[in-house]
Amino acid sequence: MTVEETVKSIAARILRKPDLDFGPAATFKDFGADSLDIVQILVAVEDAYDIELDEDELQNVTDVAGFVSYVERKVGEKG
Amino acid sequence: MPLKGRVALVTGGSRGIGRAITLKLAEQGADVVINYFRKRSTAQLTAQEAQGKGVTACTIKANVGEPEQIGRMFDEIETRFGRLDILVNNAASGVARTALELDDRGWDWTMDINARAFLLCVQRAARLMKNGGKIVSISSLGARMVWPIYTAVGVSKAALEALTRYLAIELAPKGICVNGVSASAVESEALRMYVADQGLAESFWQTTPAGRMVRQEDIASVVAFLCSDDSIMIRGQIIVIDGGLSLSPISPTAREDRQGDEHGRP
């Protein structure tokens with residue numbers, strides 16, 4: 001499963017939207033995510049890949065595509 | 001080294017107030033188990049600092065809002081140490097909303113981590129405290145006072161304080177002392193995250209009779225005392241650590257140009 005597919009699966013579960021489909025420049029808030037949803041998504045992604053996501057670095061992430069790229073980078077750094 | 005040889009679990013013990021408590025207990029000789037939720041690297045740094053004080057320190061990842069993760073955490077403690085002498089229930093989270101904006105998920109998230117986790121941790125901890133023990137809950141003045149968008153956390157802390165009293169009586173025959181500490185706003189990362197409006201944080205020291213905000217170390221010192229044999233006759237109490245704030249919210253001694261030294265002296 002790719003990082004994008006994993007993130008999509010996690011977000012769909014937490015946001016309770018099984019048919020969630022990311023479009024270009026979509027944000028989690030576009031799908032109704034609140035701050036608690038976003039924390040839960042971050043935690044689930046961290047657990048899925050055994051990585052740590054940095055809040056400061058995430059400040060520069062503006063959309064889902066950027067988040068997927070960021071997670072891919074962290075997964076790559078882990079090796 | 002009043003706590004030498006004791007085994008202590010500090011939930012949320014890797015950073016902020018929890019870190020200060022972890023290091024204080026280690027300084028007093030306790031071996032420390034540092035529970036953390038997300039930041040393994042931060043927890044490991046705190047463990048290294050504790051080890052530098054000559055004690056054993058380990059980290060356990062667990063979201064205390066999830067009962068099965070609490071179970072796994074205590075399984076690991078039991079396997080590794082075979083007992084527990086001190087539990088500091090510090091881990092906390094919360095949704096910052098007004099009462100009318102709170103939804104059931106935010107309410108449950110906050111209550112599960114701040115109040116239910118205390119009950120579940122104590123249930124497991126008590127079984128490991130075969131020779132008695134010390135339990136300390138970390139509350140906040142928001143349990144009794146009303147702060148902006150603090151509804152869920154304040155109510156969860158009120159539940160925590162009530163549970164502290166009930167547990168103190170129920171566990172007294174087992175030689176387990178249960179108490180809590182309640183702090184006003186503490187200079188911490190959590191406060192900075194919670195209160196985007198810095199004017200609110202500043203208002204705390206301006207109105208604190210002691211002349212400065214409460215620091216993490218102030219909390220840690222009182223927790224260490226409650227974990228020591230010296231506090232044996234204190235049961236079910238919530239010790240307020242607020243520099244006098246709750247007694248005098250509009251302090252005649254507090255002025256905008258007054259910032260006290262370490263001891264609150266002008």
# chains A, B, ... in the order shown; residues from 1 in each chain; ligands from 1

$ select_by_dssp --residues "segment 20-260 of chain B" --states "alpha helix (DSSP H)" --output "number ranges by chain"
B: 20-27, 40-51, 67-81, 104-111, 117-128, 151-171, 189-194, 198-206, 216-226

$ residues_around --residues "segment 54-70 of chain A" --least-positions-apart "3" --cutoff "7 Å" --atoms "only C-alpha atoms" --output "list in words"
Val3, Glu4, Ala25, Ala26, Thr27, Phe28, Arg73 and Lys74 of chain A

$ residues_around --residues "segment 123-131 of chain B" --least-positions-apart "2" --cutoff "7 Å" --atoms "only C-alpha atoms" --output "count of residues only"
8

$ interface_residues --of "chain B" --to "chain A" --cutoff "12 Å" --atoms "only C-alpha atoms" --output "CSV table (one decimal) with N, CA, C and O atoms, in the first residue's frame"
chain,number,residue,atom,x,y,z
B,37,PHE,N,3.1,9.5,24.7
B,37,PHE,CA,2.1,9.3,23.7
B,37,PHE,C,2.6,9.2,22.3
B,37,PHE,O,2.4,8.3,21.5
B,38,ARG,N,3.4,10.3,21.9
B,38,ARG,CA,3.8,10.4,20.5
B,38,ARG,C,5.3,10.5,20.3
B,38,ARG,O,5.8,9.9,19.4
B,39,LYS,N,6.0,11.3,21.1
B,39,LYS,CA,7.4,11.6,20.8
B,39,LYS,C,8.4,10.7,21.5
B,39,LYS,O,8.8,11.0,22.6
B,40,ARG,N,8.7,9.7,20.8
B,40,ARG,CA,9.7,8.7,21.4
B,40,ARG,C,11.1,9.4,21.6
B,40,ARG,O,11.7,9.2,22.7
B,41,SER,N,11.5,10.2,20.7
B,41,SER,CA,12.8,10.8,20.8
B,41,SER,C,12.9,11.7,22.1
B,41,SER,O,13.8,11.7,22.8
B,42,THR,N,11.8,12.4,22.3
B,42,THR,CA,11.7,13.3,23.5
B,42,THR,C,11.7,12.4,24.8
B,42,THR,O,12.4,12.8,25.7
B,61,LYS,N,5.5,3.6,25.3
B,61,LYS,CA,4.5,4.4,24.5
B,61,LYS,C,3.1,3.8,24.8
B,61,LYS,O,2.9,2.6,24.7
B,62,ALA,N,2.2,4.7,25.1
B,62,ALA,CA,0.8,4.3,25.3
B,62,ALA,C,-0.1,5.6,25.3
B,62,ALA,O,0.2,6.5,26.0
B,63,ASN,N,-1.2,5.5,24.6
B,63,ASN,CA,-2.2,6.5,24.6
B,63,ASN,C,-3.1,6.1,25.8
B,63,ASN,O,-3.9,5.1,25.7
B,65,GLY,N,-5.7,7.1,26.8
B,65,GLY,CA,-7.1,7.2,26.4
B,65,GLY,C,-7.7,5.9,25.9
B,65,GLY,O,-8.9,5.7,25.8
B,93,SER,N,-4.9,15.8,28.0
B,93,SER,CA,-5.2,16.3,26.7
B,93,SER,C,-6.5,17.0,26.8
B,93,SER,O,-7.2,17.0,27.9
B,94,GLY,N,-7.0,17.6,25.8
B,94,GLY,CA,-8.3,18.3,25.8
B,94,GLY,C,-8.6,19.0,24.6
B,94,GLY,O,-7.7,19.5,23.9
B,95,VAL,N,-9.9,19.1,24.4
B,95,VAL,CA,-10.4,19.9,23.3
B,95,VAL,C,-10.8,21.3,23.8
B,95,VAL,O,-11.5,21.4,24.8
B,96,ALA,N,-10.2,22.3,23.2
B,96,ALA,CA,-10.5,23.7,23.6
B,96,ALA,C,-11.7,24.3,22.9
B,96,ALA,O,-11.6,24.8,21.8
B,97,ARG,N,-12.8,24.1,23.6
B,97,ARG,CA,-14.1,24.7,23.1
B,97,ARG,C,-14.9,25.2,24.2
B,97,ARG,O,-14.8,24.8,25.3
B,101,GLU,N,-20.0,24.6,22.0
B,101,GLU,CA,-19.4,24.1,20.8
B,101,GLU,C,-18.9,22.7,21.0
B,101,GLU,O,-18.4,22.1,20.0
B,102,LEU,N,-18.9,22.2,22.2
B,102,LEU,CA,-18.3,20.8,22.4
B,102,LEU,C,-19.2,19.8,21.8
B,102,LEU,O,-20.4,19.8,21.9
B,103,ASP,N,-18.5,18.8,21.1
B,103,ASP,CA,-19.3,17.7,20.6
B,103,ASP,C,-18.9,16.4,21.5
B,103,ASP,O,-18.0,16.5,22.3
B,104,ASP,N,-19.6,15.4,21.2
B,104,ASP,CA,-19.4,14.2,22.0
B,104,ASP,C,-18.0,13.6,21.9
B,104,ASP,O,-17.5,13.1,22.9
B,105,ARG,N,-17.5,13.7,20.7
B,105,ARG,CA,-16.1,13.1,20.5
B,105,ARG,C,-15.1,13.9,21.3
B,105,ARG,O,-14.2,13.3,21.9
B,106,GLY,N,-15.2,15.2,21.3
B,106,GLY,CA,-14.2,16.0,22.0
B,106,GLY,C,-14.4,15.8,23.5
B,106,GLY,O,-13.4,15.7,24.3
B,107,TRP,N,-15.6,15.7,24.0
B,107,TRP,CA,-15.9,15.4,25.4
B,107,TRP,C,-15.3,14.1,25.8
B,107,TRP,O,-14.6,14.0,26.8
B,108,ASP,N,-15.6,13.0,25.0
B,108,ASP,CA,-15.1,11.7,25.3
B,108,ASP,C,-13.5,11.6,25.3
B,108,ASP,O,-12.9,11.0,26.2
B,109,TRP,N,-12.9,12.2,24.3
B,109,TRP,CA,-11.5,12.3,24.2
B,109,TRP,C,-10.9,12.8,25.4
B,109,TRP,O,-9.9,12.3,26.0
B,110,THR,N,-11.4,14.0,25.9
B,110,THR,CA,-10.9,14.7,27.0
B,110,THR,C,-11.1,13.9,28.3
B,110,THR,O,-10.2,13.7,29.1
B,193,MET,N,0.6,26.3,23.9
B,193,MET,CA,-0.2,25.7,22.8
B,193,MET,C,-1.7,26.0,23.1
B,193,MET,O,-2.5,26.2,22.2

$ residues_around --residues "Ala162 of chain B" --least-positions-apart "5" --cutoff "9 Å" --atoms "only C-alpha atoms" --output "PDB file with N, CA, C and O atoms, in the first residue's frame"
ATOM      1  N   LYS B 157     -10.985  17.464  34.995  1.00  0.00           N
ATOM      2  CA  LYS B 157     -10.119  17.607  36.169  1.00  0.00           C
ATOM      3  C   LYS B 157     -10.943  17.574  37.458  1.00  0.00           C
ATOM      4  O   LYS B 157     -10.465  17.110  38.496  1.00  0.00           O
ATOM      5  N   LEU B 167     -10.577   7.280  45.877  1.00  0.00           N
ATOM      6  CA  LEU B 167      -9.498   6.289  45.879  1.00  0.00           C
ATOM      7  C   LEU B 167      -8.687   6.349  47.173  1.00  0.00           C
ATOM      8  O   LEU B 167      -8.226   5.322  47.680  1.00  0.00           O
ATOM      9  N   GLY B 236      -6.110  11.956  50.264  1.00  0.00           N
ATOM     10  CA  GLY B 236      -7.246  12.442  49.488  1.00  0.00           C
ATOM     11  C   GLY B 236      -7.314  13.948  49.343  1.00  0.00           C
ATOM     12  O   GLY B 236      -8.376  14.506  49.067  1.00  0.00           O
TER      13      GLY B 236
END
